[in-house]
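Everything below concerns the one structure shown next.
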Amino acid sequence: MSAQYDLTSKMIPFLDQHLAPPLLEFLEINELFYTPTSLLEARYELSLKTNMIDLVDKLHGELEEAGVTPAAIELVKKREEILEQLEASQSEARKVMDVIENPDVINALRQDKLQNLQFLKDNYGMTPEMIQTLYKLGQFQYSCGNYGGAADMLYHYRVLSTDDNLGLSALWGKLASEILVGNWEVAYEAVQELKESIDKTHFPSPLHQLEQRTWFLHWSLFVFFNHSKGRDAVVDLFFQPAYINTIQTSCPWILRYLTAAVITNKRRKTLVKDLVKIIEHESYQYRDPVTEFVEALYIHFDFDLAKKKLVECEEVLENDFFLVAVQEEFIQNARCFISETYCRIHQKIDIAELSQTLNMSKEEGEKWIVNLIRDTRVDAKIDYKENTVLMNTNTTSVYQQIIERTKGLSFRSQVLATSIDKREAAQAKAAQHEKNHPSTEVVA
């Protein structure tokens, strides 16, 4: 597969210098699309923007071994400066941590942050500037690659701080830290909290909020495709109007991940219609084999094209950092999509032909179809003599349709009658109250 479907170059601008390297390492390990040297150079350039001196040194040596001579850097001096700054930051933050880790202080703190700050100021002489040392230390530790320590400091800062801007920045840092240590439960909670903060924060302009949501969509993929509830969260979040608008405006390639989440989601049947509308609307702006599979199956009903796109999907998912883990599930569910659609428009189905459409051998296809009928309880039977599947169509009679509609009309009438009775009773009660307690008017 060519690099045309690789999204790494589109996504890295919306990731920070610590979240981007895992994507580059994935490409390097799997020897995909780019030369090892170019990927190594990219990782090295990103590492120079951090305080991870050991990593810079390691990548510098690997580049020299690969025949590339990077610009010389004074690593010894820089390491000493970083260690000195880290020690100073830890010393400042320790003063705050000694106070807030005191059991008496822990018991005295309440939900009200302003009340807590006043308590700490009155009893321990603590100022907002002192609390901000926790933020600075967390930020510095993150830059040094100590993600666990950074997450801890940023958590304590957010508990105490009333600065909304730094609080939001700290939440971004905490989310990144939890992602990088693979703490998916806490990262999942941080994603939910960050989403709420972005939605309720009053940014200087709508463009600023759009940028925040764009970054959020990219960062959330790390969590959603590694957490057990992640794919439910993808469809719940990405289908919200504000985030669909963000995808359409800033990052249409995120449609690949929304499509994969829908196809591998147990609630997919109720979501497909909405997904198809979005894919059809955005097809002029973004398309890849994953979205084209849905387009071929549900817009054009072209089973040959859907079969072709499913083969391409397998390769696209295998080479996608976020989707490689759901590749097998995607293919299985995509075959269910094809068979369900195929069965919906055919009454008699040749098993060999359907197996070919599903990219399976005749024996595999027969076994797969039998399991599908059993698991989904499709009203169908297999004719082993003719090697076909016969679909039983249950058409509702006109009389039954009238009865069902009449039941619905009767129910709505009862609801309306109950509502009228309640309103009349309320009016009668108000009239009786007025009669028993007449208002007195003062005549001038």
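Chain labels follow the order of the structure tokens: the first chain is A, the next B, and so on; residue numbering restarts at 1 in every chain, and ligands are counted from 1 in their shown order.
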Quick one: everything within 12 Å of Phe238 of chain A, counting only C-alpha atoms, minus sequence neighbours fewer than 4 positions away in the same chain. Send it as a PDB file with N, CA and C atoms, in the first residue's frame.
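Dumped everything to out-v6.pdb:
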ATOM      1  N   LYS A 195     -13.033  17.301  28.038  1.00  0.00           N
ATOM      2  CA  LYS A 195     -14.123  17.633  27.117  1.00  0.00           C
ATOM      3  C   LYS A 195     -15.098  18.637  27.756  1.00  0.00           C
ATOM      4  N   ARG A 213     -10.784  21.813  20.323  1.00  0.00           N
ATOM      5  CA  ARG A 213     -11.543  20.589  20.021  1.00  0.00           C
ATOM      6  C   ARG A 213     -10.804  19.725  18.999  1.00  0.00           C
ATOM      7  N   THR A 214     -10.117  20.353  18.068  1.00  0.00           N
ATOM      8  CA  THR A 214      -9.356  19.600  17.070  1.00  0.00           C
ATOM      9  C   THR A 214      -8.228  18.824  17.737  1.00  0.00           C
ATOM     10  N   PHE A 216      -8.136  18.005  20.843  1.00  0.00           N
ATOM     11  CA  PHE A 216      -8.781  17.026  21.727  1.00  0.00           C
ATOM     12  C   PHE A 216      -9.168  15.758  20.974  1.00  0.00           C
ATOM     13  N   LEU A 217      -9.716  15.896  19.774  1.00  0.00           N
ATOM     14  CA  LEU A 217     -10.109  14.726  18.984  1.00  0.00           C
ATOM     15  C   LEU A 217      -8.908  13.820  18.712  1.00  0.00           C
ATOM     16  N   HIS A 218      -7.777  14.412  18.393  1.00  0.00           N
ATOM     17  CA  HIS A 218      -6.580  13.621  18.095  1.00  0.00           C
ATOM     18  C   HIS A 218      -6.034  12.938  19.345  1.00  0.00           C
ATOM     19  N   SER A 220      -7.634  12.160  22.039  1.00  0.00           N
ATOM     20  CA  SER A 220      -8.587  11.183  22.583  1.00  0.00           C
ATOM     21  C   SER A 220      -8.466   9.814  21.914  1.00  0.00           C
ATOM     22  N   LEU A 221      -7.944   9.770  20.690  1.00  0.00           N
ATOM     23  CA  LEU A 221      -7.812   8.485  19.986  1.00  0.00           C
ATOM     24  C   LEU A 221      -6.912   7.517  20.756  1.00  0.00           C
ATOM     25  N   PHE A 224      -9.360   6.176  23.500  1.00  0.00           N
ATOM     26  CA  PHE A 224     -10.566   5.477  23.040  1.00  0.00           C
ATOM     27  C   PHE A 224     -10.263   4.133  22.385  1.00  0.00           C
ATOM     28  N   GLY A 230     -13.957   2.513  25.139  1.00  0.00           N
ATOM     29  CA  GLY A 230     -13.514   3.575  24.237  1.00  0.00           C
ATOM     30  C   GLY A 230     -14.342   3.745  22.988  1.00  0.00           C
ATOM     31  N   ARG A 231     -14.700   2.633  22.345  1.00  0.00           N
ATOM     32  CA  ARG A 231     -15.418   2.764  21.068  1.00  0.00           C
ATOM     33  C   ARG A 231     -16.852   3.226  21.263  1.00  0.00           C
ATOM     34  N   ASP A 232     -17.441   2.919  22.415  1.00  0.00           N
ATOM     35  CA  ASP A 232     -18.735   3.514  22.747  1.00  0.00           C
ATOM     36  C   ASP A 232     -18.574   5.028  22.905  1.00  0.00           C
ATOM     37  N   ALA A 233     -17.494   5.412  23.585  1.00  0.00           N
ATOM     38  CA  ALA A 233     -17.248   6.838  23.816  1.00  0.00           C
ATOM     39  C   ALA A 233     -16.987   7.583  22.507  1.00  0.00           C
ATOM     40  N   VAL A 234     -16.305   6.933  21.559  1.00  0.00           N
ATOM     41  CA  VAL A 234     -16.041   7.567  20.258  1.00  0.00           C
ATOM     42  C   VAL A 234     -17.345   7.967  19.579  1.00  0.00           C
ATOM     43  N   ALA A 242     -21.213  19.604  17.858  1.00  0.00           N
ATOM     44  CA  ALA A 242     -20.005  20.443  17.958  1.00  0.00           C
ATOM     45  C   ALA A 242     -18.781  19.706  17.423  1.00  0.00           C
ATOM     46  N   TYR A 243     -18.707  18.394  17.652  1.00  0.00           N
ATOM     47  CA  TYR A 243     -17.515  17.642  17.245  1.00  0.00           C
ATOM     48  C   TYR A 243     -17.609  17.158  15.795  1.00  0.00           C
ATOM     49  N   ILE A 244     -18.818  16.892  15.326  1.00  0.00           N
ATOM     50  CA  ILE A 244     -18.991  16.616  13.892  1.00  0.00           C
ATOM     51  C   ILE A 244     -18.585  17.849  13.096  1.00  0.00           C
ATOM     52  N   ASN A 245     -18.981  19.033  13.593  1.00  0.00           N
ATOM     53  CA  ASN A 245     -18.607  20.281  12.927  1.00  0.00           C
ATOM     54  C   ASN A 245     -17.093  20.463  12.930  1.00  0.00           C
ATOM     55  N   THR A 246     -16.446  20.085  14.040  1.00  0.00           N
ATOM     56  CA  THR A 246     -14.980  20.189  14.121  1.00  0.00           C
ATOM     57  C   THR A 246     -14.315  19.262  13.109  1.00  0.00           C
ATOM     58  N   ILE A 247     -14.817  18.030  13.017  1.00  0.00           N
ATOM     59  CA  ILE A 247     -14.273  17.061  12.048  1.00  0.00           C
ATOM     60  C   ILE A 247     -14.425  17.592  10.632  1.00  0.00           C
ATOM     61  N   GLN A 248     -15.606  18.096  10.299  1.00  0.00           N
ATOM     62  CA  GLN A 248     -15.862  18.578   8.943  1.00  0.00           C
ATOM     63  C   GLN A 248     -15.024  19.807   8.606  1.00  0.00           C
ATOM     64  N   CYS A 251     -10.537  18.557  10.520  1.00  0.00           N
ATOM     65  CA  CYS A 251      -9.809  17.285  10.423  1.00  0.00           C
ATOM     66  C   CYS A 251     -10.701  16.176   9.881  1.00  0.00           C
ATOM     67  N   PRO A 252     -11.088  16.233   8.613  1.00  0.00           N
ATOM     68  CA  PRO A 252     -11.989  15.220   8.049  1.00  0.00           C
ATOM     69  C   PRO A 252     -11.427  13.801   8.096  1.00  0.00           C
ATOM     70  N   ILE A 254     -10.431  12.257  10.544  1.00  0.00           N
ATOM     71  CA  ILE A 254     -10.917  11.580  11.756  1.00  0.00           C
ATOM     72  C   ILE A 254     -12.125  10.699  11.434  1.00  0.00           C
ATOM     73  N   LEU A 255     -12.740  10.924  10.265  1.00  0.00           N
ATOM     74  CA  LEU A 255     -13.861  10.066   9.834  1.00  0.00           C
ATOM     75  C   LEU A 255     -13.447   8.599   9.768  1.00  0.00           C
ATOM     76  N   ARG A 256     -12.181   8.329   9.461  1.00  0.00           N
ATOM     77  CA  ARG A 256     -11.712   6.935   9.432  1.00  0.00           C
ATOM     78  C   ARG A 256     -11.944   6.271  10.790  1.00  0.00           C
ATOM     79  N   TYR A 257     -11.637   6.994  11.854  1.00  0.00           N
ATOM     80  CA  TYR A 257     -11.719   6.416  13.197  1.00  0.00           C
ATOM     81  C   TYR A 257     -13.175   6.336  13.674  1.00  0.00           C
ATOM     82  N   LEU A 258     -13.974   7.309  13.271  1.00  0.00           N
ATOM     83  CA  LEU A 258     -15.402   7.238  13.589  1.00  0.00           C
ATOM     84  C   LEU A 258     -16.047   6.057  12.868  1.00  0.00           C
ATOM     85  N   THR A 259     -15.696   5.853  11.616  1.00  0.00           N
ATOM     86  CA  THR A 259     -16.232   4.736  10.838  1.00  0.00           C
ATOM     87  C   THR A 259     -15.826   3.400  11.446  1.00  0.00           C
ATOM     88  N   ALA A 261     -15.026   2.833  14.523  1.00  0.00           N
ATOM     89  CA  ALA A 261     -15.706   2.674  15.805  1.00  0.00           C
ATOM     90  C   ALA A 261     -17.144   2.215  15.618  1.00  0.00           C
ATOM     91  N   VAL A 262     -17.819   2.743  14.604  1.00  0.00           N
ATOM     92  CA  VAL A 262     -19.208   2.346  14.328  1.00  0.00           C
ATOM     93  C   VAL A 262     -19.263   0.885  13.881  1.00  0.00           C
ATOM     94  N   LEU A 271     -26.514   3.408  14.298  1.00  0.00           N
ATOM     95  CA  LEU A 271     -25.600   4.501  13.986  1.00  0.00           C
ATOM     96  C   LEU A 271     -25.244   4.591  12.510  1.00  0.00           C
ATOM     97  N   ASP A 274     -26.705   7.530  10.328  1.00  0.00           N
ATOM     98  CA  ASP A 274     -26.066   8.839  10.561  1.00  0.00           C
ATOM     99  C   ASP A 274     -24.669   8.876   9.950  1.00  0.00           C
ATOM    100  N   LEU A 275     -23.951   7.768  10.097  1.00  0.00           N
ATOM    101  CA  LEU A 275     -22.592   7.702   9.542  1.00  0.00           C
ATOM    102  C   LEU A 275     -22.613   7.843   8.021  1.00  0.00           C
ATOM    103  N   ILE A 278     -22.999  11.420   6.866  1.00  0.00           N
ATOM    104  CA  ILE A 278     -21.779  12.222   7.038  1.00  0.00           C
ATOM    105  C   ILE A 278     -20.740  11.863   5.983  1.00  0.00           C
TER     106      ILE A 278
END
Which polymer residues have any atom within 9 Å of an atom of Leu117 of chain A, counting only C-alpha atoms, with same-chain residues fewer than 4 positions away left out, as a compact mmCIF listing (two decimals) with all heavy atoms, in the first residue's frame?
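Final output, saved to out_24.txt:
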# COMPACT_ATOMS: atom_id res chain seq x y z
N ASP A 112 -14.76 23.73 48.14
CA ASP A 112 -14.61 25.13 47.73
C ASP A 112 -13.12 25.50 47.68
O ASP A 112 -12.44 25.59 48.71
CB ASP A 112 -15.34 26.03 48.75
CG ASP A 112 -15.43 27.48 48.27
OD1 ASP A 112 -14.53 27.90 47.50
OD2 ASP A 112 -16.38 28.18 48.65
N LYS A 113 -12.63 25.76 46.47
CA LYS A 113 -11.20 26.06 46.31
C LYS A 113 -10.81 27.39 46.96
O LYS A 113 -9.73 27.51 47.55
CB LYS A 113 -10.83 26.09 44.82
CG LYS A 113 -10.87 24.72 44.15
CD LYS A 113 -10.36 24.81 42.73
CE LYS A 113 -10.32 23.44 42.07
NZ LYS A 113 -9.79 23.50 40.69
N LYS A 121 -3.66 30.00 53.38
CA LYS A 121 -2.99 31.29 53.56
C LYS A 121 -2.97 31.69 55.04
O LYS A 121 -1.93 32.14 55.57
CB LYS A 121 -3.69 32.36 52.74
CG LYS A 121 -3.04 33.73 52.83
CD LYS A 121 -3.79 34.74 51.97
CE LYS A 121 -3.14 36.13 52.10
NZ LYS A 121 -3.87 37.14 51.29
N ASP A 122 -4.11 31.52 55.69
CA ASP A 122 -4.22 31.94 57.10
C ASP A 122 -3.39 31.07 58.03
O ASP A 122 -2.81 31.57 59.00
CB ASP A 122 -5.69 31.89 57.55
CG ASP A 122 -6.55 32.92 56.82
OD1 ASP A 122 -5.98 33.85 56.23
OD2 ASP A 122 -7.80 32.77 56.82
N MET A 126 0.50 30.21 52.77
CA MET A 126 0.66 29.77 51.38
C MET A 126 -0.02 30.74 50.42
O MET A 126 -1.16 31.14 50.63
CB MET A 126 0.09 28.35 51.20
CG MET A 126 0.51 27.70 49.90
SD MET A 126 -0.02 25.98 49.82
CE MET A 126 0.92 25.26 51.15
N THR A 127 0.68 31.09 49.35
CA THR A 127 0.16 32.03 48.35
C THR A 127 -0.11 31.30 47.03
O THR A 127 0.40 30.19 46.80
CB THR A 127 1.18 33.15 48.09
OG1 THR A 127 2.37 32.55 47.53
CG2 THR A 127 1.53 33.88 49.38
N PRO A 128 -0.93 31.91 46.13
CA PRO A 128 -1.15 31.31 44.81
C PRO A 128 0.14 31.06 44.04
O PRO A 128 0.24 30.09 43.29
CB PRO A 128 -2.03 32.35 44.10
CG PRO A 128 -2.75 33.06 45.20
CD PRO A 128 -1.77 33.10 46.34
N LEU A 160 -5.99 22.47 43.92
CA LEU A 160 -5.88 23.70 44.69
C LEU A 160 -6.09 24.97 43.87
O LEU A 160 -6.55 25.98 44.40
CB LEU A 160 -4.51 23.76 45.37
CG LEU A 160 -4.21 22.65 46.39
CD1 LEU A 160 -2.76 22.75 46.84
CD2 LEU A 160 -5.14 22.75 47.58
N SER A 161 -5.73 24.95 42.60
CA SER A 161 -5.68 26.19 41.81
C SER A 161 -7.06 26.70 41.42
O SER A 161 -7.99 25.94 41.15
CB SER A 161 -4.85 25.96 40.54
OG SER A 161 -4.90 27.09 39.71
N THR A 162 -7.17 28.03 41.39
CA THR A 162 -8.39 28.69 40.89
C THR A 162 -8.13 29.38 39.56
O THR A 162 -9.00 30.08 39.05
CB THR A 162 -8.88 29.74 41.91
OG1 THR A 162 -7.81 30.67 42.17
CG2 THR A 162 -9.30 29.07 43.21
Distance query segment 311-320 of chain A at most 6 Å, only C-alpha atoms, self and fewer than 4 positions along chain excluded, as a compact mmCIF listing (two decimals) with C-alpha atoms, in the first residue's frame:
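What ended up in out20.txt:
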# COMPACT_ATOMS: atom_id res chain seq x y z
CA PRO A 289 -10.84 2.54 1.79
CA VAL A 290 -12.56 2.53 5.20
CA VAL A 324 -4.22 -2.20 14.07
CA GLN A 327 -8.36 -5.08 12.44
